[in-house]
$ cat coords_6.tsv   # TSV, C-alpha atoms
chain	number	residue	atom	x	y	z
U	280	MET	CA	-24.63	-47.01	35.72
U	281	SER	CA	-22.55	-43.87	35.29
U	282	ILE	CA	-21.47	-42.42	31.94
U	283	ILE	CA	-18.45	-40.16	31.51
U	284	ILE	CA	-18.07	-38.11	28.35
U	285	LYS	CA	-14.40	-37.20	28.44
U	286	GLY	CA	-12.15	-34.56	27.03
U	287	GLY	CA	-14.50	-32.52	24.87
U	288	LYS	CA	-15.06	-28.81	24.44
U	289	ILE	CA	-18.05	-28.09	26.66
U	290	ILE	CA	-20.59	-25.42	25.72
U	291	ASP	CA	-22.90	-25.82	28.68
U	292	GLY	CA	-25.94	-23.83	27.49
U	293	THR	CA	-25.70	-21.13	30.14
U	294	GLY	CA	-23.99	-18.66	27.83
U	295	LYS	CA	-20.66	-18.76	29.65
U	296	GLU	CA	-17.41	-19.39	27.80
U	297	ALA	CA	-16.62	-22.84	26.43
U	298	PHE	CA	-14.06	-24.98	28.26
U	299	LEU	CA	-12.38	-28.36	27.90
U	300	GLY	CA	-13.61	-31.01	30.30
U	301	ASP	CA	-15.79	-34.00	31.09
U	302	VAL	CA	-19.48	-34.55	31.73
U	303	LEU	CA	-20.59	-37.15	34.26
U	304	ILE	CA	-24.07	-38.63	33.94
U	305	ASP	CA	-25.60	-40.72	36.70
U	306	ASP	CA	-29.14	-42.01	37.19
U	307	GLY	CA	-30.41	-40.04	34.20
U	308	ARG	CA	-29.15	-36.67	35.39
U	309	ILE	CA	-26.09	-34.47	35.08
U	310	LEU	CA	-23.89	-35.15	38.10
U	311	THR	CA	-21.21	-32.65	37.17
U	312	ALA	CA	-19.45	-30.97	34.25
U	313	GLY	CA	-15.86	-29.96	34.78
U	314	LEU	CA	-12.17	-30.76	34.46
U	315	ASP	CA	-10.82	-34.32	34.60
U	316	ILE	CA	-13.78	-35.94	36.36
U	317	ALA	CA	-13.19	-39.34	37.91
U	318	GLY	CA	-16.09	-41.78	37.86
U	319	CYS	CA	-16.69	-45.21	39.32
U	320	SER	CA	-14.75	-48.15	37.90
U	321	ASP	CA	-17.71	-49.57	35.96
U	322	ALA	CA	-18.66	-46.26	34.30
U	323	ILE	CA	-19.15	-46.20	30.54
U	324	VAL	CA	-16.55	-43.86	29.05
U	325	ILE	CA	-17.09	-41.95	25.78
U	326	ASP	CA	-14.00	-40.30	24.32
U	327	ALA	CA	-14.99	-36.78	23.21
U	328	ALA	CA	-11.55	-35.49	22.24
U	329	SER	CA	-11.90	-33.18	19.20
U	330	HIS	CA	-15.66	-33.09	19.83
U	331	THR	CA	-18.04	-30.52	21.32
U	332	ILE	CA	-20.39	-31.43	24.16
U	333	ILE	CA	-23.62	-29.42	24.33
U	334	PRO	CA	-27.02	-29.80	26.01
U	335	GLY	CA	-29.78	-31.41	23.99
U	336	LEU	CA	-31.01	-28.77	21.56
U	337	VAL	CA	-34.48	-27.29	22.08
U	338	ASP	CA	-36.68	-26.15	19.18
U	339	THR	CA	-39.32	-23.81	20.57
U	340	HIS	CA	-41.27	-23.44	17.30
U	341	ASP	CA	-41.84	-26.63	15.34
U	342	HIS	CA	-44.62	-28.26	13.33
U	343	ILE	CA	-43.61	-31.85	13.87
U	344	CYS	CA	-46.65	-33.33	12.09
U	345	TRP	CA	-46.35	-31.24	8.95
U	346	GLY	CA	-43.94	-31.01	6.06
U	347	GLU	CA	-43.40	-34.66	5.16
U	348	THR	CA	-45.82	-36.49	2.84
U	349	VAL	CA	-48.01	-39.55	3.22
U	350	ASP	CA	-50.46	-40.19	0.37
U	351	GLU	CA	-51.42	-36.58	-0.23
U	352	PRO	CA	-48.78	-34.16	-1.55
U	353	ARG	CA	-49.03	-30.99	0.53
U	354	SER	CA	-47.98	-27.66	-0.85
U	355	TRP	CA	-48.73	-24.03	-0.27
U	356	THR	CA	-50.47	-23.85	-3.62
U	357	ALA	CA	-52.78	-26.72	-2.71
U	358	PHE	CA	-53.62	-25.19	0.67
U	359	SER	CA	-54.16	-21.64	-0.51
U	360	GLN	CA	-56.57	-22.61	-3.31
U	361	LEU	CA	-58.97	-24.54	-1.08
U	362	THR	CA	-62.49	-23.29	-0.54
U	363	GLU	CA	-63.77	-23.27	3.01
U	364	LYS	CA	-65.96	-26.27	2.23
U	365	GLU	CA	-63.06	-28.23	0.76
U	366	ALA	CA	-60.86	-27.35	3.73
U	367	GLY	CA	-63.24	-29.34	5.93
U	368	PHE	CA	-61.32	-32.34	4.62
U	369	PHE	CA	-58.41	-31.32	6.81
U	370	ASP	CA	-60.45	-31.91	9.96
U	371	LEU	CA	-61.10	-35.55	9.13
U	372	THR	CA	-59.69	-38.30	11.30
U	373	ALA	CA	-57.87	-39.71	8.28
U	374	LYS	CA	-55.97	-36.45	7.89
U	375	ALA	CA	-54.91	-36.48	11.54
U	376	GLY	CA	-53.82	-40.09	11.12
U	377	ARG	CA	-51.59	-39.17	8.20
U	378	ASP	CA	-50.15	-36.32	10.24
U	379	VAL	CA	-49.18	-38.70	13.04
U	380	ALA	CA	-47.45	-40.96	10.52
U	381	MET	CA	-45.59	-37.96	9.09
U	382	GLY	CA	-44.74	-36.84	12.60
U	383	ALA	CA	-43.26	-40.22	13.48
U	384	TYR	CA	-40.83	-39.88	10.57
U	385	ALA	CA	-40.07	-36.25	11.43
U	386	CYS	CA	-39.35	-37.25	15.04
U	387	ARG	CA	-36.53	-39.53	13.91
U	388	LYS	CA	-34.96	-36.84	11.73
U	389	THR	CA	-35.25	-34.27	14.51
U	390	LEU	CA	-33.61	-36.49	17.10
U	391	LEU	CA	-30.78	-37.39	14.73
U	392	ALA	CA	-30.16	-33.65	14.38
U	393	GLY	CA	-29.51	-33.38	18.12
U	394	PHE	CA	-32.86	-31.91	19.18
U	395	THR	CA	-34.09	-33.67	22.30
U	396	THR	CA	-37.04	-31.33	22.96
U	397	ILE	CA	-39.46	-29.55	20.67
U	398	ARG	CA	-42.53	-27.40	21.19
U	399	ASP	CA	-45.15	-28.02	18.52
U	400	VAL	CA	-47.10	-24.87	17.69
U	401	GLY	CA	-49.46	-26.02	14.97
U	402	CYS	CA	-51.09	-29.24	13.83
U	403	SER	CA	-54.53	-30.58	12.98
U	404	GLY	CA	-56.78	-33.05	14.74
U	405	TYR	CA	-54.68	-33.08	17.95
U	406	SER	CA	-52.07	-35.09	16.05
U	407	ASP	CA	-49.19	-33.60	18.05
U	408	ILE	CA	-50.82	-34.71	21.32
U	409	VAL	CA	-51.16	-38.26	19.99
U	410	LEU	CA	-47.54	-38.18	18.84
U	411	ARG	CA	-46.38	-36.88	22.23
U	412	GLU	CA	-48.07	-39.77	23.99
U	413	ALA	CA	-46.60	-42.30	21.54
U	414	VAL	CA	-43.10	-41.00	22.27
U	415	ASN	CA	-43.72	-40.82	26.03
U	416	ASN	CA	-44.92	-44.42	26.07
U	417	GLY	CA	-42.00	-45.73	24.07
U	418	PHE	CA	-43.94	-46.59	20.91
U	419	LEU	CA	-41.88	-44.13	18.86
U	420	VAL	CA	-38.36	-42.75	19.04
U	421	GLY	CA	-38.34	-38.98	19.13
U	422	PRO	CA	-37.72	-35.78	21.03
U	423	ARG	CA	-39.64	-34.71	24.11
U	424	ILE	CA	-42.75	-32.93	22.76
U	425	LEU	CA	-44.78	-30.07	24.13
U	426	ALA	CA	-48.02	-30.10	22.14
U	427	CYS	CA	-50.53	-27.33	21.44
U	428	GLY	CA	-53.24	-29.49	19.85
U	429	GLY	CA	-53.69	-26.91	17.08
U	430	GLY	CA	-53.89	-23.12	17.20
U	431	LEU	CA	-56.78	-20.75	17.85
U	432	ALA	CA	-57.57	-18.31	15.03
U	433	MET	CA	-60.35	-15.90	14.22
U	434	THR	CA	-62.81	-17.06	11.58
U	435	GLY	CA	-61.01	-16.78	8.25
U	436	GLY	CA	-57.84	-15.68	10.01
U	437	HIS	CA	-54.25	-16.63	9.32
U	438	ALA	CA	-53.75	-20.37	8.74
U	439	TRP	CA	-57.48	-21.18	8.92
U	440	TYR	CA	-56.96	-23.81	6.19
U	441	THR	CA	-54.41	-25.81	8.22
U	442	GLY	CA	-56.87	-27.27	10.69
U	443	VAL	CA	-56.75	-24.62	13.42
U	444	VAL	CA	-59.75	-24.02	15.68
U	445	GLU	CA	-61.67	-20.95	14.54
U	446	ALA	CA	-63.42	-18.97	17.29
U	447	ASP	CA	-64.46	-15.36	17.82
U	448	GLY	CA	-65.35	-13.34	20.89
U	449	VAL	CA	-64.49	-13.74	24.55
U	450	ASP	CA	-67.10	-16.39	25.38
U	451	ALA	CA	-66.38	-18.60	22.39
U	452	LEU	CA	-62.63	-18.35	22.96
U	453	ARG	CA	-63.01	-19.32	26.61
U	454	VAL	CA	-64.78	-22.50	25.55
U	455	ALA	CA	-62.32	-23.20	22.74
U	456	THR	CA	-59.36	-22.81	25.11
U	457	ARG	CA	-60.92	-25.13	27.65
U	458	ARG	CA	-61.48	-27.74	24.95
U	459	GLN	CA	-57.83	-27.57	23.90
U	460	LEU	CA	-56.77	-28.00	27.50
U	461	LYS	CA	-59.24	-30.85	27.97
U	462	ALA	CA	-57.66	-32.60	24.99
U	463	GLY	CA	-54.29	-32.47	26.71
U	464	ALA	CA	-52.58	-29.39	25.27
U	465	ASP	CA	-49.36	-28.33	27.01
U	466	LEU	CA	-49.78	-24.79	25.71
U	467	ILE	CA	-52.26	-22.71	23.75
U	468	LYS	CA	-51.21	-21.29	20.39
U	469	ILE	CA	-52.87	-18.01	19.37
U	470	PHE	CA	-52.84	-16.45	15.92
U	471	ALA	CA	-52.57	-12.79	16.92
U	472	THR	CA	-51.73	-11.40	13.47
U	473	ARG	CA	-51.58	-12.28	9.84
U	474	ALA	CA	-48.24	-13.14	8.27
U	475	GLY	CA	-46.69	-10.39	6.12
U	476	GLY	CA	-47.04	-8.46	2.85
U	477	GLY	CA	-50.16	-7.24	1.02
U	478	GLU	CA	-53.17	-8.97	2.49
U	479	TRP	CA	-50.63	-10.66	4.75
U	480	SER	CA	-49.52	-7.36	6.23
U	481	GLY	CA	-48.92	-8.73	9.70
U	482	GLY	CA	-51.94	-6.77	10.86
U	483	PRO	CA	-53.66	-7.68	14.14
U	484	GLU	CA	-56.51	-10.16	14.29
U	485	TYR	CA	-57.65	-10.82	17.86
U	486	SER	CA	-58.32	-7.99	20.29
U	487	VAL	CA	-56.51	-7.67	23.61
U	488	GLU	CA	-59.68	-8.76	25.42
U	489	GLU	CA	-60.05	-11.88	23.28
U	490	MET	CA	-56.45	-12.96	23.82
U	491	ARG	CA	-56.54	-12.11	27.51
U	492	VAL	CA	-59.25	-14.68	28.20
U	493	ILE	CA	-57.17	-17.33	26.41
U	494	CYS	CA	-54.14	-16.45	28.53
U	495	ASP	CA	-56.15	-16.43	31.75
U	496	GLU	CA	-57.69	-19.83	31.04
U	497	ALA	CA	-54.30	-21.34	30.19
U	498	ARG	CA	-52.51	-19.82	33.15
U	499	GLN	CA	-55.02	-21.04	35.72
U	500	ARG	CA	-54.37	-24.56	34.42
U	501	GLY	CA	-50.61	-24.11	34.70
U	502	LYS	CA	-50.10	-23.87	30.93
U	503	HIS	CA	-48.48	-21.19	28.81
U	504	THR	CA	-49.41	-19.33	25.64
U	505	ALA	CA	-47.61	-18.67	22.36
U	506	ALA	CA	-48.79	-15.98	19.94
U	507	HIS	CA	-48.02	-15.92	16.23
U	508	ALA	CA	-47.37	-12.19	15.91
U	509	VAL	CA	-45.57	-10.55	12.98
U	510	GLY	CA	-46.73	-6.91	12.91
U	511	ALA	CA	-45.93	-4.30	15.56
U	512	GLU	CA	-49.52	-3.59	16.66
U	513	GLY	CA	-50.44	-7.26	17.01
U	514	ILE	CA	-47.27	-7.91	19.00
U	515	LYS	CA	-48.18	-5.19	21.48
U	516	ARG	CA	-51.76	-6.44	21.79
U	517	ALA	CA	-50.54	-9.97	22.52
U	518	VAL	CA	-48.06	-8.77	25.14
U	519	LEU	CA	-50.73	-6.65	26.85
U	520	ALA	CA	-53.01	-9.70	26.86
U	521	GLY	CA	-50.39	-11.66	28.79
U	522	VAL	CA	-48.96	-14.15	26.30
U	523	ASP	CA	-45.75	-15.89	27.35
U	524	THR	CA	-43.99	-16.01	23.97
U	525	ILE	CA	-44.19	-13.97	20.79
U	526	GLU	CA	-43.55	-16.19	17.78
U	527	HIS	CA	-41.65	-14.54	14.90
U	528	GLY	CA	-41.95	-10.90	16.00
U	529	CYS	CA	-40.44	-9.82	12.68
U	530	LEU	CA	-41.72	-6.24	12.61
U	531	ILE	CA	-41.41	-5.45	16.30
U	532	ASP	CA	-40.87	-1.76	17.06
U	533	GLU	CA	-39.09	-0.11	19.98
U	534	GLU	CA	-42.31	0.40	21.93
U	535	GLY	CA	-43.16	-3.27	21.59
U	536	ALA	CA	-39.65	-4.34	22.58
U	537	GLU	CA	-39.73	-2.14	25.68
U	538	LEU	CA	-43.13	-3.58	26.60
U	539	MET	CA	-41.85	-7.13	26.18
U	540	ALA	CA	-38.76	-6.44	28.27
U	541	GLU	CA	-40.87	-4.86	31.01
U	542	ARG	CA	-43.25	-7.80	31.16
U	543	GLY	CA	-40.70	-10.56	30.64
U	544	THR	CA	-42.30	-11.82	27.43
U	545	TRP	CA	-40.07	-14.07	25.34
U	546	LEU	CA	-39.40	-13.44	21.65
U	547	ILE	CA	-38.96	-16.55	19.49
U	548	SER	CA	-36.66	-15.85	16.56
U	549	THR	CA	-37.59	-17.68	13.35
U	550	LEU	CA	-35.19	-16.43	10.70
U	551	TYR	CA	-35.10	-19.79	8.93
U	552	PRO	CA	-38.60	-19.75	7.36
U	553	TYR	CA	-38.40	-16.14	6.23
U	554	GLU	CA	-34.95	-16.61	4.71
U	555	ARG	CA	-36.16	-19.70	2.86
U	556	GLN	CA	-39.39	-18.03	1.73
U	557	ALA	CA	-37.41	-15.11	0.38
U	558	THR	CA	-34.86	-17.24	-1.48
U	559	ARG	CA	-36.48	-20.57	-2.38
U	560	ALA	CA	-40.28	-20.35	-2.17
U	561	LYS	CA	-40.80	-19.38	-5.80
U	562	GLN	CA	-39.31	-22.58	-7.18
U	563	PHE	CA	-41.71	-24.68	-5.11
U	564	GLY	CA	-44.87	-22.95	-6.28
U	565	TYR	CA	-45.46	-20.63	-3.37
U	566	PRO	CA	-47.24	-17.37	-4.30
U	567	ASP	CA	-45.34	-14.25	-5.31
U	568	HIS	CA	-46.65	-12.16	-2.44
U	569	LEU	CA	-45.09	-14.56	0.05
U	570	VAL	CA	-41.69	-14.27	-1.63
U	571	ILE	CA	-41.92	-10.48	-1.83
U	572	SER	CA	-43.12	-10.02	1.74
U	573	SER	CA	-40.47	-12.36	3.14
U	574	SER	CA	-37.77	-10.51	1.20
U	575	GLU	CA	-38.97	-7.25	2.76
U	576	ILE	CA	-39.06	-8.83	6.21
U	577	MET	CA	-35.51	-10.15	5.91
U	578	LYS	CA	-34.29	-6.60	5.23
U	579	VAL	CA	-35.31	-5.57	8.76
U	580	TYR	CA	-35.73	-8.76	10.81
U	581	PRO	CA	-32.08	-9.22	11.95
U	582	ASP	CA	-31.89	-5.53	12.90
U	583	ASN	CA	-35.13	-5.82	14.86
U	584	LEU	CA	-33.80	-8.84	16.74
U	585	ARG	CA	-30.64	-6.91	17.64
U	586	MET	CA	-32.75	-3.95	18.76
U	587	ALA	CA	-34.96	-6.17	20.90
U	588	ALA	CA	-31.97	-7.82	22.55
U	589	HIS	CA	-30.48	-4.39	23.25
U	590	LYS	CA	-33.75	-3.37	24.91
U	591	GLY	CA	-33.51	-6.39	27.20
U	592	VAL	CA	-36.00	-8.72	25.49
U	593	LYS	CA	-35.39	-12.39	26.22
U	594	ILE	CA	-34.83	-14.28	22.96
U	595	ALA	CA	-34.93	-17.99	22.16
U	596	LEU	CA	-34.78	-19.79	18.82
U	597	GLY	CA	-37.36	-21.74	16.81
U	598	SER	CA	-37.00	-23.30	13.37
U	599	ASP	CA	-40.61	-23.33	12.11
U	600	CYS	CA	-39.82	-26.71	10.57
U	601	GLY	CA	-42.75	-28.27	8.75
U	602	MET	CA	-43.29	-25.91	5.82
U	603	PRO	CA	-43.42	-28.21	2.77
U	604	ASP	CA	-40.20	-28.07	0.73
U	605	LEU	CA	-38.83	-25.11	2.70
U	606	THR	CA	-38.20	-25.71	6.40
U	607	LEU	CA	-37.18	-29.34	6.56
U	608	HIS	CA	-37.22	-31.56	9.62
U	609	GLY	CA	-33.67	-32.40	10.55
U	610	GLU	CA	-32.46	-28.96	9.45
U	611	ASN	CA	-33.72	-27.33	12.65
U	612	ALA	CA	-30.22	-26.14	13.53
U	613	LEU	CA	-30.18	-23.79	10.54
U	614	GLU	CA	-31.96	-21.29	12.80
U	615	ILE	CA	-28.96	-21.38	15.14
U	616	VAL	CA	-26.54	-20.82	12.26
U	617	LEU	CA	-28.60	-17.98	10.78
U	618	TYR	CA	-29.07	-16.29	14.15
U	619	SER	CA	-25.33	-16.26	14.75
U	620	LYS	CA	-24.54	-15.05	11.23
U	621	LEU	CA	-27.28	-12.47	10.65
U	622	VAL	CA	-27.72	-11.08	14.16
U	623	GLY	CA	-23.98	-11.18	14.79
U	624	VAL	CA	-23.54	-13.21	17.96
U	625	SER	CA	-20.99	-15.84	18.92
U	626	ALA	CA	-21.53	-19.56	18.51
U	627	VAL	CA	-21.72	-19.90	22.30
U	628	GLU	CA	-24.46	-17.25	22.46
U	629	ALA	CA	-26.44	-18.80	19.61
U	630	ILE	CA	-26.27	-22.24	21.24
U	631	HIS	CA	-27.41	-20.69	24.53
U	632	ARG	CA	-30.48	-19.32	22.72
U	633	ALA	CA	-31.28	-22.86	21.51
U	634	THR	CA	-30.62	-24.62	24.82
U	635	GLY	CA	-30.73	-22.84	28.17
U	636	ALA	CA	-32.75	-19.84	26.99
U	637	ALA	CA	-35.07	-22.00	24.88
U	638	ALA	CA	-35.80	-24.29	27.82
U	639	GLU	CA	-36.67	-21.30	30.00
U	640	ALA	CA	-38.92	-19.85	27.32
U	641	ILE	CA	-41.07	-23.00	27.23
U	642	LYS	CA	-41.14	-23.41	31.02
U	643	LEU	CA	-38.75	-26.37	31.18
U	644	GLY	CA	-35.68	-24.52	32.42
U	645	GLN	CA	-35.69	-26.30	35.78
U	646	GLU	CA	-35.18	-29.67	34.11
U	647	ILE	CA	-33.34	-29.26	30.79
U	648	GLY	CA	-31.34	-26.83	28.67
U	649	THR	CA	-27.97	-26.66	30.44
U	650	LEU	CA	-25.29	-29.08	31.57
U	651	THR	CA	-25.97	-28.11	35.17
U	652	PRO	CA	-25.78	-30.64	38.03
U	653	GLY	CA	-29.20	-32.04	38.84
U	654	LYS	CA	-30.80	-31.45	35.46
U	655	LEU	CA	-31.95	-34.23	33.17
U	656	ALA	CA	-29.05	-35.57	31.14
U	657	ASP	CA	-30.03	-34.40	27.67
U	658	VAL	CA	-26.57	-34.30	26.09
U	659	VAL	CA	-25.29	-34.14	22.51
U	660	VAL	CA	-21.74	-34.92	21.37
U	661	VAL	CA	-20.79	-33.34	18.04
U	662	GLU	CA	-17.67	-34.17	16.07
U	663	GLY	CA	-15.66	-30.99	15.56
U	664	ASP	CA	-15.39	-27.56	17.17
U	665	LEU	CA	-18.75	-25.77	17.12
U	666	GLU	CA	-17.21	-22.62	18.49
U	667	ALA	CA	-15.10	-22.43	15.32
U	668	ASP	CA	-17.79	-23.61	12.88
U	669	LEU	CA	-21.46	-23.71	13.87
U	670	SER	CA	-22.44	-25.14	10.48
U	671	ILE	CA	-21.16	-28.52	11.68
U	672	LEU	CA	-24.56	-28.83	13.36
U	673	LEU	CA	-26.09	-29.16	9.88
U	674	GLN	CA	-24.05	-32.27	9.07
U	675	ARG	CA	-26.06	-35.17	10.44
U	676	GLU	CA	-23.09	-37.53	10.37
U	677	LYS	CA	-21.33	-35.22	12.83
U	678	ILE	CA	-24.02	-35.67	15.49
U	679	LYS	CA	-22.32	-38.66	17.10
U	680	HIS	CA	-24.11	-39.22	20.40
U	681	VAL	CA	-27.46	-38.06	21.76
U	682	PHE	CA	-28.67	-38.78	25.28
U	683	GLN	CA	-32.19	-38.16	26.57
U	684	SER	CA	-32.56	-38.23	30.34
U	685	GLY	CA	-29.34	-40.22	30.44
U	686	VAL	CA	-30.50	-42.82	27.94
U	687	GLN	CA	-28.57	-42.96	24.68
U	688	SER	CA	-30.84	-42.61	21.66
U	689	VAL	CA	-28.20	-41.90	19.01
U	690	LYS	CA	-24.81	-43.65	18.82
U	691	ASP	CA	-22.23	-42.95	16.13
U	692	GLY	CA	-24.84	-41.01	14.19
U	693	ARG	CA	-27.44	-43.79	14.18
U	694	LEU	CA	-30.66	-44.18	16.12
U	695	ILE	CA	-30.72	-46.82	18.81
U	696	VAL	CA	-34.20	-48.30	18.49

$ encode --input "coords_6.tsv" --output "structure tokens"
Amino acid sequence: MSIIIKGGKIIDGTGKEAFLGDVLIDDGRILTAGLDIAGCSDAIVIDAASHTIIPGLVDTHDHICWGETVDEPRSWTAFSQLTEKEAGFFDLTAKAGRDVAMGAYACRKTLLAGFTTIRDVGCSGYSDIVLREAVNNGFLVGPRILACGGGLAMTGGHAWYTGVVEADGVDALRVATRRQLKAGADLIKIFATRAGGGEWSGGPEYSVEEMRVICDEARQRGKHTAAHAVGAEGIKRAVLAGVDTIEHGCLIDEEGAELMAERGTWLISTLYPYERQATRAKQFGYPDHLVISSSEIMKVYPDNLRMAAHKGVKIALGSDCGMPDLTLHGENALEIVLYSKLVGVSAVEAIHRATGAAAEAIKLGQEIGTLTPGKLADVVVVEGDLEADLSILLQREKIKHVFQSGVQSVKDGRLIV
């Protein structure tokens, strides 16, 4: 059966100007998007007057199994004070089970926010892979999930206490990558640098040679790689190694930006977590150095993103949702709002970075991301004019209709279960 979404302002995800028109969905795909479309007599018609029609939003940097709580309160303070022996607890099956339960709840909030696709870039115990399969098989309602199965970090490296796989040296990393792929990972997440400030200076961790073997193993299996990289040197090492996306990229310099543009490496903007760490982390018990370093990062991060874009770097948006108390599932669109405000781009451009560009960055651009004929009908109808006020995306009650592959999952702001 056909569906016509009529009379809305269409922002189609390609970056071109918004226009008034209709979207016709048929057999799970976009048939056309244009002016005054006529459908068959039995088509379902949705009146979108005074609404904005956009592609399903894509979050390229999410932690869908983290952030919520089941049983065990999770905070930065609790994590950072663990000994290595105590942190073994986080590898237990029970922990992964709790993460799947948390992820199921986060999936609902994410979908209600208009995000039909997410890329998970950090979990423990392959919980994101389990969650992906539960959604794919219809056991849970949620966005389409690309799962990493947990990141690869050097021994004692950044985020070692979150359940990542620790491995060192080319041979060990080859095996570790193959195990992640064997488990069903859609991508391989690499911790290329530390975070930022003091001990967290964003300094490099893995060598080019170590990361190159990870990229080679992933690529020959048709998978892509994402590198957590904050500092300039680590960014350049990761790009030279062949990673597909640089996550964060806060302290990128001109040399790194030129290298990324030359090689076609994507930069994933994550303003949301750094803005929240700078302004709200202290009240939730996060350490002072994190607040200080994030404040310093936010002084240069928007400028660095503008510089990178000027150099020709391809940029997509990620929320980094899943940080306890700070980056909340369902608030994923705050990255879009912040990118528009702080980097200084139009609402249409910011939405493009979270739809068409984001889909390309995670290798799904042939199927989703724009309201282009032939693509899967991931469509969101938002009450109000997003071109005039992007912050409407943060009001859950304004997300009126969400379609995934032509199937309606949200109607009048409520999940259809």

$ residues_around --input "coords_6.tsv" --residues "U:Lys654" --least-positions-apart "2" --cutoff "12 Å" --atoms "all atoms listed in the file" --output "JSON, numbers by chain"
{"U": [291, 303, 304, 305, 306, 307, 308, 309, 310, 311, 312, 334, 335, 635, 638, 643, 644, 645, 646, 647, 648, 649, 650, 651, 652, 656, 657, 658, 683, 684, 685]}

$ closest_residue --input "coords_6.tsv" --among "U:Ala508, U:Ala557, U:Leu584, U:Cys529" --to "U:Ile571" --atoms "only C-alpha atoms"
U:Ala557

$ closest_residue --input "coords_6.tsv" --among "U:Thr331, U:Gln499, U:Thr524, U:Gln687" --to "U:Trp545" --atoms "only C-alpha atoms"
U:Thr524

$ atom_distance --input "coords_6.tsv" --atom1 "atom CA of U:Thr549" --atom2 "atom CA of U:Gly294"
19.9 Å

$ residues_around --input "coords_6.tsv" --residues "stretch 389-406 of chain U" --least-positions-apart "4" --cutoff "6 Å" --atoms "all atoms listed in the file" --output "NGL selection string"
:U and (335-342 or 375 or 379 or 421-430 or 442 or 608-609 or 675)

$ closest_atom_pairs --input "coords_6.tsv" --of "stretch 602-625 of chain U" --to "stretch 588-597 of chain U" --cutoff "8 Å" --atoms "only C-alpha atoms" --output "tab-separated table"
residue	atom	partner	partner_atom	distance
U:Asn611	CA	U:Gly597	CA	7.9
U:Glu614	CA	U:Gly597	CA	6.7
U:Ile615	CA	U:Leu596	CA	7.1

$ atom_distance --input "coords_6.tsv" --atom1 "atom CA of U:Asp664" --atom2 "atom CA of U:Ala587"
29.2 Å

$ axis_aligned_box --input "coords_6.tsv" --around "stretch 287-298 of chain U" --padding-each-side "5 Å" --output "JSON"
{"center_x": -20.0, "center_y": -25.6, "center_z": 27.3, "size_x": 21.9, "size_y": 23.9, "size_z": 15.7}

$ atom_distance --input "coords_6.tsv" --atom1 "atom CA of U:Trp345" --atom2 "atom CA of U:Asp378"
6.5 Å

$ closest_residue --input "coords_6.tsv" --among "U:Gly653, U:Gly663, U:Gly601, U:Gly313" --to "U:Lys388" --atoms "all atoms listed in the file"
U:Gly601

$ residues_near_point --input "coords_6.tsv" --point "(-20.3, -34.8, 25.4)" --cutoff "9 Å" --atoms "all atoms listed in the file" --output "ChimeraX atom specification"
/U:283-289,301-302,325-327,330-334,658-661,680-681

$ closest_residue --input "coords_6.tsv" --among "U:Leu613, U:Leu665, U:Met539, U:Ile525" --to "U:Ser625" --atoms "only C-alpha atoms"
U:Leu665

$ residues_around --input "coords_6.tsv" --residues "stretch 493-496 of chain U" --least-positions-apart "4" --cutoff "7 Å" --atoms "all atoms listed in the file" --output "ChimeraX atom specification"
/U:452-453,456,489,500,504,521-522
